[in-house]
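K.L.:
Got a file for you: data16.pdb, PDB, C-alpha atoms and all ligand atoms.
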ATOM      1  CA  MET A   1      -5.737 -78.317 134.501
ATOM      2  CA  ARG A   2      -6.344 -76.335 131.324
ATOM      3  CA  PRO A   3      -7.083 -78.507 128.289
ATOM      4  CA  THR A   4      -4.459 -78.782 125.565
ATOM      5  CA  VAL A   5      -6.127 -78.039 122.228
ATOM      6  CA  ALA A   6      -4.891 -79.302 118.866
ATOM      7  CA  VAL A   7      -6.060 -77.334 115.827
ATOM      8  CA  LEU A   8      -5.875 -79.286 112.562
ATOM      9  CA  GLY A   9      -6.075 -76.801 109.699
ATOM     10  CA  THR A  10      -4.731 -73.269 110.044
ATOM     11  CA  GLY A  11      -6.603 -71.572 107.237
ATOM     12  CA  ILE A  12      -8.624 -68.422 107.942
ATOM     13  CA  MET A  13     -10.817 -70.000 110.631
ATOM     14  CA  GLY A  14      -8.289 -72.373 112.192
ATOM     15  CA  THR A  15      -5.741 -69.581 112.556
ATOM     16  CA  GLY A  16      -8.315 -67.272 114.111
ATOM     17  CA  MET A  17      -9.510 -69.922 116.569
ATOM     18  CA  ALA A  18      -5.906 -70.815 117.508
ATOM     19  CA  ARG A  19      -5.210 -67.140 118.288
ATOM     20  CA  SER A  20      -8.307 -66.961 120.503
ATOM     21  CA  LEU A  21      -7.291 -70.142 122.334
ATOM     22  CA  LEU A  22      -3.790 -68.742 122.930
ATOM     23  CA  ARG A  23      -5.260 -65.469 124.226
ATOM     24  CA  ALA A  24      -7.288 -67.537 126.709
ATOM     25  CA  ALA A  25      -3.969 -69.079 127.843
ATOM     26  CA  LEU A  26      -4.803 -72.601 126.662
ATOM     27  CA  PRO A  27      -1.871 -74.719 125.425
ATOM     28  CA  VAL A  28      -2.279 -74.961 121.627
ATOM     29  CA  VAL A  29      -0.726 -77.368 119.115
ATOM     30  CA  VAL A  30      -1.338 -76.690 115.427
ATOM     31  CA  TRP A  31      -0.908 -78.654 112.220
ATOM     32  CA  ASN A  32      -1.512 -77.607 108.631
ATOM     33  CA  ARG A  33      -0.964 -79.487 105.355
ATOM     34  CA  ASN A  34       1.087 -76.544 104.090
ATOM     35  CA  PRO A  35       3.317 -75.886 107.135
ATOM     36  CA  ALA A  36       4.131 -72.315 106.037
ATOM     37  CA  ARG A  37       0.599 -71.356 106.980
ATOM     38  CA  SER A  38       1.164 -72.337 110.642
ATOM     39  CA  ARG A  39       4.398 -70.401 111.104
ATOM     40  CA  PRO A  40       2.817 -67.122 112.314
ATOM     41  CA  LEU A  41       1.105 -69.111 115.073
ATOM     42  CA  ALA A  42       4.473 -70.368 116.359
ATOM     43  CA  GLU A  43       5.429 -66.731 116.932
ATOM     44  CA  ALA A  44       2.152 -66.300 118.834
ATOM     45  CA  GLY A  45       2.985 -69.181 121.186
ATOM     46  CA  ALA A  46       1.547 -72.306 119.555
ATOM     47  CA  VAL A  47       3.510 -75.524 119.143
ATOM     48  CA  VAL A  48       3.671 -76.428 115.459
ATOM     49  CA  ALA A  49       3.439 -80.191 115.026
ATOM     50  CA  GLY A  50       5.180 -81.960 112.164
ATOM     51  CA  SER A  51       2.405 -84.526 111.740
ATOM     52  CA  VAL A  52      -1.256 -84.997 112.588
ATOM     53  CA  ALA A  53      -0.340 -87.899 114.876
ATOM     54  CA  ALA A  54       2.064 -85.679 116.836
ATOM     55  CA  ALA A  55      -0.514 -82.883 117.033
ATOM     56  CA  VAL A  56      -3.258 -85.042 118.540
ATOM     57  CA  ALA A  57      -1.109 -87.247 120.797
ATOM     58  CA  ASP A  58      -1.326 -85.097 123.955
ATOM     59  CA  ALA A  59      -4.469 -83.145 123.115
ATOM     60  CA  ASP A  60      -7.579 -83.080 125.305
ATOM     61  CA  VAL A  61      -9.564 -81.406 122.521
ATOM     62  CA  VAL A  62      -8.876 -81.795 118.797
ATOM     63  CA  ILE A  63     -10.441 -79.143 116.570
ATOM     64  CA  THR A  64     -10.742 -79.786 112.836
ATOM     65  CA  SER A  65     -11.076 -76.702 110.614
ATOM     66  CA  LEU A  66     -10.584 -77.989 107.087
ATOM     67  CA  LEU A  67     -12.084 -77.267 103.709
ATOM     68  CA  ASP A  68     -14.555 -80.126 103.281
ATOM     69  CA  VAL A  69     -15.421 -83.635 104.400
ATOM     70  CA  ASP A  70     -12.796 -85.331 102.214
ATOM     71  CA  ALA A  71     -10.073 -83.103 103.668
ATOM     72  CA  VAL A  72     -11.242 -83.991 107.190
ATOM     73  CA  VAL A  73     -11.317 -87.737 106.460
ATOM     74  CA  GLN A  74      -7.870 -87.689 104.795
ATOM     75  CA  THR A  75      -6.403 -85.762 107.717
ATOM     76  CA  VAL A  76      -8.011 -87.424 110.734
ATOM     77  CA  ARG A  77      -8.578 -91.066 109.774
ATOM     78  CA  PRO A  78      -4.891 -92.109 109.801
ATOM     79  CA  ALA A  79      -4.422 -90.511 113.251
ATOM     80  CA  LEU A  80      -7.570 -91.658 115.067
ATOM     81  CA  GLY A  81      -5.567 -94.368 116.830
ATOM     82  CA  GLN A  82      -3.296 -91.677 118.318
ATOM     83  CA  PHE A  83      -6.102 -89.811 120.132
ATOM     84  CA  SER A  84      -5.877 -90.197 123.908
ATOM     85  CA  ASP A  85      -8.708 -92.113 125.597
ATOM     86  CA  SER A  86     -10.260 -88.962 127.050
ATOM     87  CA  ALA A  87      -9.791 -86.704 123.990
ATOM     88  CA  VAL A  88     -12.785 -85.065 122.312
ATOM     89  CA  TRP A  89     -12.880 -84.390 118.556
ATOM     90  CA  VAL A  90     -14.580 -81.030 117.949
ATOM     91  CA  GLN A  91     -15.459 -80.896 114.261
ATOM     92  CA  THR A  92     -15.975 -77.254 113.157
ATOM     93  CA  SER A  93     -15.609 -77.546 109.350
ATOM     94  CA  THR A  94     -18.800 -77.066 107.333
ATOM     95  CA  VAL A  95     -19.427 -80.551 105.926
ATOM     96  CA  GLY A  96     -23.240 -80.862 105.836
ATOM     97  CA  THR A  97     -25.381 -83.621 107.224
ATOM     98  CA  ALA A  98     -24.164 -86.653 105.250
ATOM     99  CA  GLY A  99     -20.576 -85.478 105.802
ATOM    100  CA  THR A 100     -21.120 -85.205 109.545
ATOM    101  CA  GLU A 101     -22.643 -88.687 109.693
ATOM    102  CA  ARG A 102     -19.570 -90.021 107.867
ATOM    103  CA  LEU A 103     -17.245 -88.363 110.390
ATOM    104  CA  ALA A 104     -19.325 -89.358 113.422
ATOM    105  CA  ASP A 105     -19.208 -92.986 112.169
ATOM    106  CA  LEU A 106     -15.411 -92.797 111.834
ATOM    107  CA  ALA A 107     -15.140 -91.471 115.387
ATOM    108  CA  ARG A 108     -17.527 -94.108 116.762
ATOM    109  CA  GLU A 109     -15.623 -96.965 115.088
ATOM    110  CA  ALA A 110     -12.370 -95.635 116.598
ATOM    111  CA  GLY A 111     -13.924 -95.079 120.038
ATOM    112  CA  VAL A 112     -13.247 -91.325 119.901
ATOM    113  CA  ALA A 113     -15.720 -88.869 121.465
ATOM    114  CA  PHE A 114     -17.180 -86.572 118.798
ATOM    115  CA  VAL A 115     -18.912 -83.192 118.914
ATOM    116  CA  ASP A 116     -20.449 -81.756 115.760
ATOM    117  CA  ALA A 117     -19.539 -78.072 116.207
ATOM    118  CA  PRO A 118     -19.832 -75.868 113.114
ATOM    119  CA  VAL A 119     -19.328 -72.168 113.755
ATOM    120  CA  LEU A 120     -21.081 -68.987 112.682
ATOM    121  CA  GLY A 121     -18.823 -66.001 111.988
ATOM    122  CA  THR A 122     -15.869 -65.290 109.738
ATOM    123  CA  LYS A 123     -12.221 -64.190 110.108
ATOM    124  CA  ALA A 124     -12.632 -61.361 112.627
ATOM    125  CA  PRO A 125     -14.988 -63.235 115.023
ATOM    126  CA  ALA A 126     -12.654 -66.262 114.897
ATOM    127  CA  GLU A 127      -9.697 -64.020 115.779
ATOM    128  CA  ASN A 128     -11.420 -62.126 118.564
ATOM    129  CA  GLY A 129     -13.220 -65.087 120.099
ATOM    130  CA  SER A 130     -16.746 -64.027 119.210
ATOM    131  CA  LEU A 131     -17.925 -66.911 117.037
ATOM    132  CA  VAL A 132     -21.277 -68.557 117.654
ATOM    133  CA  VAL A 133     -20.593 -72.249 118.230
ATOM    134  CA  LEU A 134     -23.414 -74.596 117.253
ATOM    135  CA  ALA A 135     -22.871 -77.877 119.045
ATOM    136  CA  SER A 136     -24.531 -81.267 119.071
ATOM    137  CA  GLY A 137     -23.417 -84.479 120.695
ATOM    138  CA  ASP A 138     -23.366 -86.366 123.972
ATOM    139  CA  PRO A 139     -24.288 -83.927 126.815
ATOM    140  CA  ALA A 140     -21.551 -85.615 128.890
ATOM    141  CA  LEU A 141     -19.010 -83.837 126.630
ATOM    142  CA  ARG A 142     -20.208 -80.335 127.511
ATOM    143  CA  ALA A 143     -17.905 -79.944 130.512
ATOM    144  CA  SER A 144     -14.740 -81.069 128.705
ATOM    145  CA  THR A 145     -15.393 -78.725 125.750
ATOM    146  CA  ALA A 146     -16.604 -75.691 127.739
ATOM    147  CA  GLU A 147     -13.229 -73.892 128.082
ATOM    148  CA  THR A 148     -12.486 -74.375 124.392
ATOM    149  CA  PHE A 149     -15.874 -73.074 123.288
ATOM    150  CA  GLU A 150     -15.643 -70.113 125.700
ATOM    151  CA  ALA A 151     -12.271 -69.185 124.177
ATOM    152  CA  ILE A 152     -13.397 -69.232 120.549
ATOM    153  CA  GLY A 153     -16.988 -68.111 120.869
ATOM    154  CA  ALA A 154     -19.227 -65.440 122.316
ATOM    155  CA  LYS A 155     -21.883 -68.100 122.806
ATOM    156  CA  THR A 156     -22.435 -71.809 122.379
ATOM    157  CA  LEU A 157     -25.810 -73.101 121.284
ATOM    158  CA  TRP A 158     -26.187 -76.758 122.247
ATOM    159  CA  VAL A 159     -28.648 -77.882 119.580
ATOM    160  CA  SER A 160     -29.258 -81.493 120.607
ATOM    161  CA  ALA A 161     -27.576 -84.717 121.678
ATOM    162  CA  VAL A 162     -27.461 -85.919 118.057
ATOM    163  CA  PRO A 163     -24.307 -85.191 115.997
ATOM    164  CA  GLY A 164     -25.581 -83.813 112.687
ATOM    165  CA  ASP A 165     -28.229 -81.510 114.157
ATOM    166  CA  ALA A 166     -25.729 -78.667 114.633
ATOM    167  CA  SER A 167     -24.627 -79.112 111.020
ATOM    168  CA  ARG A 168     -28.274 -78.995 109.927
ATOM    169  CA  LEU A 169     -28.670 -75.649 111.720
ATOM    170  CA  LYS A 170     -25.396 -74.429 110.151
ATOM    171  CA  LEU A 171     -26.845 -75.081 106.682
ATOM    172  CA  VAL A 172     -30.001 -73.168 107.648
ATOM    173  CA  LEU A 173     -27.772 -70.225 108.655
ATOM    174  CA  ASN A 174     -25.557 -70.392 105.573
ATOM    175  CA  ALA A 175     -28.651 -70.529 103.358
ATOM    176  CA  TRP A 176     -29.487 -67.162 104.934
ATOM    177  CA  VAL A 177     -25.932 -65.849 104.324
ATOM    178  CA  GLY A 178     -26.168 -66.974 100.682
ATOM    179  CA  THR A 179     -29.525 -65.281 100.235
ATOM    180  CA  LEU A 180     -28.152 -62.060 101.743
ATOM    181  CA  ILE A 181     -24.974 -61.980  99.657
ATOM    182  CA  GLY A 182     -26.871 -62.773  96.444
ATOM    183  CA  GLY A 183     -29.474 -60.120  97.214
ATOM    184  CA  ILE A 184     -26.906 -57.448  98.068
ATOM    185  CA  ALA A 185     -24.965 -58.168  94.858
ATOM    186  CA  GLN A 186     -28.125 -58.055  92.785
ATOM    187  CA  SER A 187     -29.151 -54.631  94.119
ATOM    188  CA  VAL A 188     -25.646 -53.115  93.860
ATOM    189  CA  ALA A 189     -25.274 -54.421  90.289
ATOM    190  CA  MET A 190     -28.774 -53.277  89.398
ATOM    191  CA  ALA A 191     -28.132 -49.749  90.682
ATOM    192  CA  GLU A 192     -24.850 -49.583  88.764
ATOM    193  CA  GLY A 193     -26.506 -50.925  85.605
ATOM    194  CA  LEU A 194     -29.311 -48.394  85.846
ATOM    195  CA  GLY A 195     -26.758 -45.580  86.016
ATOM    196  CA  LEU A 196     -27.274 -44.847  89.724
ATOM    197  CA  ASP A 197     -24.592 -44.378  92.356
ATOM    198  CA  PRO A 198     -24.892 -47.751  94.206
ATOM    199  CA  ARG A 199     -24.041 -45.987  97.489
ATOM    200  CA  LEU A 200     -27.563 -44.544  97.300
ATOM    201  CA  PHE A 201     -28.919 -48.080  97.842
ATOM    202  CA  LEU A 202     -26.919 -48.428 101.082
ATOM    203  CA  ASP A 203     -27.740 -44.843 102.167
ATOM    204  CA  ALA A 204     -31.458 -45.415 101.587
ATOM    205  CA  ILE A 205     -31.687 -48.587 103.710
ATOM    206  CA  ALA A 206     -29.317 -47.323 106.451
ATOM    207  CA  GLY A 207     -30.993 -47.642 109.864
ATOM    208  CA  GLN A 208     -34.263 -48.923 108.406
ATOM    209  CA  ALA A 209     -35.886 -52.286 109.118
ATOM    210  CA  VAL A 210     -34.509 -53.678 105.832
ATOM    211  CA  ASP A 211     -30.939 -52.618 106.675
ATOM    212  CA  SER A 212     -28.294 -54.971 108.058
ATOM    213  CA  ARG A 213     -24.652 -54.585 109.104
ATOM    214  CA  TYR A 214     -23.932 -57.305 106.574
ATOM    215  CA  ALA A 215     -25.517 -55.325 103.711
ATOM    216  CA  GLN A 216     -23.490 -52.231 104.630
ATOM    217  CA  ALA A 217     -20.178 -54.118 104.993
ATOM    218  CA  LYS A 218     -20.457 -56.427 101.987
ATOM    219  CA  GLY A 219     -22.215 -53.777  99.888
ATOM    220  CA  ARG A 220     -19.279 -51.385 100.367
ATOM    221  CA  MET A 221     -16.811 -54.143  99.446
ATOM    222  CA  MET A 222     -18.784 -54.850  96.269
ATOM    223  CA  ILE A 223     -18.943 -51.179  95.286
ATOM    224  CA  ASP A 224     -15.185 -50.746  95.921
ATOM    225  CA  ARG A 225     -14.427 -54.135  94.279
ATOM    226  CA  ASP A 226     -12.455 -54.929  97.456
ATOM    227  CA  PHE A 227     -12.480 -58.700  97.683
ATOM    228  CA  THR A 228     -10.025 -59.192 100.590
ATOM    229  CA  SER A 229     -11.087 -62.591 101.831
ATOM    230  CA  ALA A 230     -12.908 -63.127 105.127
ATOM    231  CA  PHE A 231     -15.025 -65.979 103.723
ATOM    232  CA  ARG A 232     -13.715 -67.578 100.535
ATOM    233  CA  LEU A 233     -16.223 -67.574  97.686
ATOM    234  CA  GLY A 234     -15.212 -71.163  96.903
ATOM    235  CA  GLY A 235     -16.182 -72.096 100.469
ATOM    236  CA  LEU A 236     -19.692 -70.689 100.184
ATOM    237  CA  LEU A 237     -20.024 -72.343  96.769
ATOM    238  CA  LYS A 238     -19.243 -75.683  98.453
ATOM    239  CA  ASP A 239     -21.790 -74.858 101.187
ATOM    240  CA  THR A 240     -24.570 -73.951  98.734
ATOM    241  CA  GLY A 241     -24.189 -77.407  97.170
ATOM    242  CA  LEU A 242     -24.760 -78.908 100.638
ATOM    243  CA  ILE A 243     -27.664 -76.483 101.200
ATOM    244  CA  VAL A 244     -29.420 -77.440  97.948
ATOM    245  CA  ASP A 245     -29.104 -81.126  98.935
ATOM    246  CA  ALA A 246     -30.470 -80.378 102.421
ATOM    247  CA  LEU A 247     -33.399 -78.373 101.012
ATOM    248  CA  ARG A 248     -34.314 -81.316  98.771
ATOM    249  CA  GLU A 249     -33.968 -83.701 101.753
ATOM    250  CA  ALA A 250     -36.250 -81.360 103.718
ATOM    251  CA  GLY A 251     -38.867 -81.368 100.942
ATOM    252  CA  THR A 252     -38.328 -77.607 100.566
ATOM    253  CA  ASP A 253     -38.020 -75.896  97.174
ATOM    254  CA  PRO A 254     -34.286 -75.293  96.494
ATOM    255  CA  ALA A 255     -34.742 -72.723  93.673
ATOM    256  CA  LEU A 256     -33.479 -69.657  95.565
ATOM    257  CA  ALA A 257     -30.377 -71.428  96.959
ATOM    258  CA  ALA A 258     -29.725 -72.982  93.531
ATOM    259  CA  ALA A 259     -29.799 -69.511  91.933
ATOM    260  CA  VAL A 260     -27.279 -68.232  94.486
ATOM    261  CA  ARG A 261     -25.106 -71.297  93.867
ATOM    262  CA  ASP A 262     -25.192 -70.581  90.097
ATOM    263  CA  ARG A 263     -24.078 -66.959  90.665
ATOM    264  CA  LEU A 264     -21.236 -68.111  92.954
ATOM    265  CA  ASP A 265     -20.271 -70.742  90.392
ATOM    266  CA  ALA A 266     -20.142 -68.103  87.638
ATOM    267  CA  ALA A 267     -17.961 -65.821  89.796
ATOM    268  CA  ALA A 268     -15.645 -68.757  90.603
ATOM    269  CA  ALA A 269     -15.363 -69.520  86.875
ATOM    270  CA  ARG A 270     -14.173 -65.925  86.415
ATOM    271  CA  GLY A 271     -11.281 -66.550  88.803
ATOM    272  CA  HIS A 272     -12.839 -65.388  92.093
ATOM    273  CA  ALA A 273     -12.901 -68.696  94.048
ATOM    274  CA  ASP A 274     -10.198 -67.490  96.475
ATOM    275  CA  ASP A 275     -11.663 -64.001  96.841
ATOM    276  CA  ASP A 276     -14.206 -62.978  99.446
ATOM    277  CA  ILE A 277     -17.844 -63.910  98.804
ATOM    278  CA  ALA A 278     -18.436 -60.209  97.977
ATOM    279  CA  ALA A 279     -16.848 -61.094  94.614
ATOM    280  CA  VAL A 280     -20.149 -62.714  93.618
ATOM    281  CA  ILE A 281     -20.875 -59.207  92.220
ATOM    282  CA  ALA A 282     -18.581 -60.216  89.324
ATOM    283  CA  SER A 283     -21.206 -62.700  88.151
ATOM    284  CA  TYR A 284     -23.702 -59.850  87.793
ATOM    285  CA  ARG A 285     -21.305 -57.218  86.406
ATOM    286  CA  ASP A 286     -17.572 -57.280  85.707
TER
HETATM  287  N1  LIG A 301     -14.205 -68.445 106.402
HETATM  288  C1  LIG A 301     -15.397 -68.417 106.955
HETATM  289  O1  LIG A 301     -16.028 -67.360 107.053
HETATM  290  C2  LIG A 301     -16.010 -69.660 107.541
HETATM  291  C3  LIG A 301     -17.007 -69.503 108.495
HETATM  292  C4  LIG A 301     -17.560 -70.640 109.111
HETATM  293  C5  LIG A 301     -17.142 -71.891 108.704
HETATM  294  N2  LIG A 301     -16.185 -72.018 107.737
HETATM  295  C6  LIG A 301     -15.792 -73.391 107.361
HETATM  296  O2  LIG A 301     -14.587 -73.668 108.084
HETATM  297  C7  LIG A 301     -13.739 -74.522 107.290
HETATM  298  C8  LIG A 301     -12.396 -73.826 107.086
HETATM  299  O3  LIG A 301     -12.658 -72.619 106.405
HETATM  300  P1  LIG A 301     -11.530 -71.513 106.146
HETATM  301  O4  LIG A 301     -12.261 -70.283 105.751
HETATM  302  O5  LIG A 301     -10.569 -71.484 107.244
HETATM  303  O6  LIG A 301     -10.841 -72.127 104.851
HETATM  304  P2  LIG A 301      -9.419 -71.849 104.213
HETATM  305  O7  LIG A 301      -8.798 -70.605 104.722
HETATM  306  O8  LIG A 301      -9.586 -72.027 102.732
HETATM  307  O9  LIG A 301      -8.562 -73.085 104.785
HETATM  308  C9  LIG A 301      -8.844 -74.396 104.362
HETATM  309  C10 LIG A 301      -8.007 -75.342 105.184
HETATM  310  O10 LIG A 301      -8.261 -76.682 104.710
HETATM  311  C11 LIG A 301      -6.991 -77.294 104.409
HETATM  312  N3  LIG A 301      -7.169 -78.326 103.396
HETATM  313  C12 LIG A 301      -7.832 -78.235 102.221
HETATM  314  N4  LIG A 301      -7.819 -79.425 101.578
HETATM  315  C13 LIG A 301      -7.105 -80.262 102.378
HETATM  316  C14 LIG A 301      -6.751 -81.635 102.282
HETATM  317  N5  LIG A 301      -7.132 -82.382 101.228
HETATM  318  N6  LIG A 301      -6.032 -82.195 103.283
HETATM  319  C15 LIG A 301      -5.652 -81.452 104.370
HETATM  320  N7  LIG A 301      -5.954 -80.141 104.512
HETATM  321  C16 LIG A 301      -6.692 -79.572 103.519
HETATM  322  C17 LIG A 301      -6.104 -76.154 103.970
HETATM  323  O11 LIG A 301      -4.773 -76.537 104.030
HETATM  324  P3  LIG A 301      -3.664 -75.818 103.098
HETATM  325  O12 LIG A 301      -3.359 -74.496 103.742
HETATM  326  O13 LIG A 301      -2.507 -76.767 103.121
HETATM  327  O14 LIG A 301      -4.278 -75.661 101.723
HETATM  328  C18 LIG A 301      -6.491 -75.114 105.033
HETATM  329  O15 LIG A 301      -5.892 -75.397 106.271
HETATM  330  C19 LIG A 301     -14.513 -74.799 106.007
HETATM  331  O16 LIG A 301     -15.231 -76.001 106.134
HETATM  332  C20 LIG A 301     -15.470 -73.618 105.910
HETATM  333  O17 LIG A 301     -16.630 -73.935 105.148
HETATM  334  C21 LIG A 301     -15.597 -70.938 107.164
END
Show me this structure written as structure tokens.
P.N.:
Amino acid sequence: MRPTVAVLGTGIMGTGMARSLLRAALPVVVWNRNPARSRPLAEAGAVVAGSVAAAVADADVVITSLLDVDAVVQTVRPALGQFSDSAVWVQTSTVGTAGTERLADLAREAGVAFVDAPVLGTKAPAENGSLVVLASGDPALRASTAETFEAIGAKTLWVSAVPGDASRLKLVLNAWVGTLIGGIAQSVAMAEGLGLDPRLFLDAIAGQAVDSRYAQAKGRMMIDRDFTSAFRLGGLLKDTGLIVDALREAGTDPALAAAVRDRLDAAAARGHADDDIAAVIASYRD
């Protein structure tokens, strides 16, 4: 029988993953703190639950896709007793290493199976089922999560048997995303400030070893000041805090990540927290 999947949190990523699960014909139950945000999913075939307890009650897999670790704790802790004996909690929110340990402890104390499963990719990959799922946890849980991961992702990388390792790799990847977005913004702003057409920067790197699809896509958004959100700037700001902590824990100099965090912080202070991360350009040039 196909697993019933509960999705707790229907923000950008939760909504996208729910749509991919529905397309794969899995029964989907959704819950969101602000119920208005789940309504479009009802039209797409999901059951909208009125409470977290109701959402998880009959679920084989429970996905959390919430802002940060506190949001996950507040949402899941009161309902852990309602999980069925065979249910697996698939935690996809980016919460860092200490956050993941906190959640894994909660799950262990409640006797709930837990997979640390942060995802790589933004709105479009979540919607079209092409995320990269980074997973760590008990290998015995691979079979019961396989259909879910196949529905939301193009590939699943099982990192290790230790919850927390996938979240460590996620921070490594988001450190890279932060470096890219900061670097793209710096070059676009620099070109503009020097009186050049910033499109020349993108034209010059196009197809060369230093090019990337990310530079072309985010660079164009920065030049057009189009900040339609695929990845909220406030979300990456939260992540860079976790990344700086992880770099220190790793004994690795955090200066570059800290500089990116400061630029994101400055853009957020100018009112761009809910815009796409491309809005970091505003911290270089208004
Ligand atoms: N967007 C990306 O590109 C991306 C990529 C990979 C991973 N992630 C990670 O995935 C997670 C979700 O990201 P997103 O982009 O979908 O974020 P989002 O669109 O901002 O949605 C955030 C979700 O968290 C909920 N929430 C916030 N505080 C809450 C609380 N105290 N209690 C209950 N619910 C709360 C929101 O509910 P309301 O609607 O009621 O506010 C909403 O459902 C984050 O951890 C993010 O870092 C994001």
K.L.:
Each residue of range 65-108 of chain A with at least one atom at most 10 Å from range 160-170 of chain A should appear once, together with its nearest atom pair and the corresponding distance in Å (one decimal); atoms considered: all atoms listed in the file; ordering: chain, then increasing residue number; output as a Markdown table.
P.N.:
| residue | atom | partner | partner_atom | distance |
| --- | --- | --- | --- | --- |
| A:Gln91 | CA | A:Ser167 | CA | 9.9 |
| A:Thr92 | CA | A:Ser167 | CA | 9.1 |
| A:Ser93 | CA | A:Ser167 | CA | 9.3 |
| A:Thr94 | CA | A:Ser167 | CA | 7.2 |
| A:Val95 | CA | A:Ser167 | CA | 7.4 |
| A:Gly96 | CA | A:Ser167 | CA | 5.6 |
| A:Thr97 | CA | A:Gly164 | CA | 5.5 |
| A:Ala98 | CA | A:Gly164 | CA | 8.1 |
| A:Gly99 | CA | A:Gly164 | CA | 8.7 |
| A:Thr100 | CA | A:Gly164 | CA | 5.6 |
| A:Glu101 | CA | A:Gly164 | CA | 6.4 |
| A:Arg102 | CA | A:Gly164 | CA | 9.9 |
| A:Leu103 | CA | A:Pro163 | CA | 9.6 |
| A:Ala104 | CA | A:Pro163 | CA | 7.0 |
K.L.:
Which residues fall under the PyMOL selection byres (((chain A and resi 110) around 12) and not hetatm) in this file, as a ChimeraX atom specification?
P.N.:
/A:76-85,87,89,103-109,111-114
K.L.:
Name all residues at most 12 Å from Ala191 in chain A (count all atoms listed in the file; drop same-chain ones fewer than 2 positions away) and give them as a PDB file with C-alpha atoms, in the frame of the given file.
P.N.:
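Saved the output as part02.pdb:
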ATOM      1  CA  ILE A 184     -26.906 -57.448  98.068  1.00  0.00           C
ATOM      2  CA  ALA A 185     -24.965 -58.168  94.858  1.00  0.00           C
ATOM      3  CA  GLN A 186     -28.125 -58.055  92.785  1.00  0.00           C
ATOM      4  CA  SER A 187     -29.151 -54.631  94.119  1.00  0.00           C
ATOM      5  CA  VAL A 188     -25.646 -53.115  93.860  1.00  0.00           C
ATOM      6  CA  ALA A 189     -25.274 -54.421  90.289  1.00  0.00           C
ATOM      7  CA  GLY A 193     -26.506 -50.925  85.605  1.00  0.00           C
ATOM      8  CA  LEU A 194     -29.311 -48.394  85.846  1.00  0.00           C
ATOM      9  CA  GLY A 195     -26.758 -45.580  86.016  1.00  0.00           C
ATOM     10  CA  LEU A 196     -27.274 -44.847  89.724  1.00  0.00           C
ATOM     11  CA  ASP A 197     -24.592 -44.378  92.356  1.00  0.00           C
ATOM     12  CA  PRO A 198     -24.892 -47.751  94.206  1.00  0.00           C
ATOM     13  CA  ARG A 199     -24.041 -45.987  97.489  1.00  0.00           C
ATOM     14  CA  LEU A 200     -27.563 -44.544  97.300  1.00  0.00           C
ATOM     15  CA  PHE A 201     -28.919 -48.080  97.842  1.00  0.00           C
ATOM     16  CA  LEU A 202     -26.919 -48.428 101.082  1.00  0.00           C
ATOM     17  CA  GLY A 219     -22.215 -53.777  99.888  1.00  0.00           C
ATOM     18  CA  ILE A 223     -18.943 -51.179  95.286  1.00  0.00           C
ATOM     19  CA  TYR A 284     -23.702 -59.850  87.793  1.00  0.00           C
ATOM     20  CA  ARG A 285     -21.305 -57.218  86.406  1.00  0.00           C
TER      21      ARG A 285
END
K.L.:
Name the residues, by chain letter and number, that sit within 7 Å of ligand LIG 301 (chain A) using only C-alpha atoms and all ligand atoms, and give them as a VMD selection string.
P.N.:
chain A and resid 9 to 14 32 to 34 37 65 to 68 70 to 72 74 to 75 92 to 95 118 to 123 230 to 232 235 to 236 239
K.L.:
Kindly provide, as lines of an AutoDock Vina configuration file, the centre and edge lengths (Å, one decimal) of an axis-aligned box around all atoms of range 197-209 of chain A given in the file, with 6 Å on each side.
P.N.:
center_x = -30.0
center_y = -48.3
center_z = 101.1
size_x = 23.8
size_y = 19.9
size_z = 29.5
K.L.:
CA of Ala140 in chain A and CA of Val172 in chain A, how far apart in Å?
P.N.:
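Interatomic distance here is 26.0 Å.
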K.L.:
Check the smallest atom-to-atom distance from each of A:Asp116, A:Glu43, A:Glu127, A:Glu192 to Asp286 in chain A using all atoms listed in the file, then report the winner.
P.N.:
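Ranking A:Asp116, A:Glu43, A:Glu127, A:Glu192 by distance to Asp286 in chain A, first place goes to A:Glu192.
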K.L.:
Would you work out the distance separating CA of Ala143 in chain A from CA of Leu171 in chain A, expressed in Å to one decimal?
P.N.:
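If I compute the distance from CA of Ala143 in chain A to CA of Leu171 in chain A, I get 25.9 Å.
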K.L.:
Considering all atoms listed in the file, state which residue in the set A:Gly129, A:Gly207, A:Gly241, A:Gly234 is at the smallest distance from Leu21 in chain A.
P.N.:
A:Gly129
K.L.:
CA of Gly153 in chain A and CA of Val29 in chain A, how far apart in Å?
P.N.:
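Pair CA of Val29 in chain A / CA of Gly153 in chain A returns 18.8 Å.
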K.L.:
What do you get, as an mmCIF file with C-alpha atoms, in the frame of the given file, if you spell out every residue that the PyMOL selection byres (((chain A and resi 233) around 8) and not hetatm) selects here?
P.N.:
data_model
loop_
_atom_site.group_PDB
_atom_site.id
_atom_site.type_symbol
_atom_site.label_atom_id
_atom_site.label_comp_id
_atom_site.auth_asym_id
_atom_site.auth_seq_id
_atom_site.Cartn_x
_atom_site.Cartn_y
_atom_site.Cartn_z
ATOM 1 C CA PHE A 231 -15.025 -65.979 103.723
ATOM 2 C CA ARG A 232 -13.715 -67.578 100.535
ATOM 3 C CA GLY A 234 -15.212 -71.163 96.903
ATOM 4 C CA GLY A 235 -16.182 -72.096 100.469
ATOM 5 C CA LEU A 236 -19.692 -70.689 100.184
ATOM 6 C CA LEU A 237 -20.024 -72.343 96.769
ATOM 7 C CA LEU A 264 -21.236 -68.111 92.954
ATOM 8 C CA ALA A 268 -15.645 -68.757 90.603
ATOM 9 C CA HIS A 272 -12.839 -65.388 92.093
ATOM 10 C CA ALA A 273 -12.901 -68.696 94.048
ATOM 11 C CA ASP A 274 -10.198 -67.490 96.475
ATOM 12 C CA ASP A 275 -11.663 -64.001 96.841
ATOM 13 C CA ASP A 276 -14.206 -62.978 99.446
ATOM 14 C CA ILE A 277 -17.844 -63.910 98.804
ATOM 15 C CA ALA A 278 -18.436 -60.209 97.977
ATOM 16 C CA ALA A 279 -16.848 -61.094 94.614
ATOM 17 C CA VAL A 280 -20.149 -62.714 93.618
#
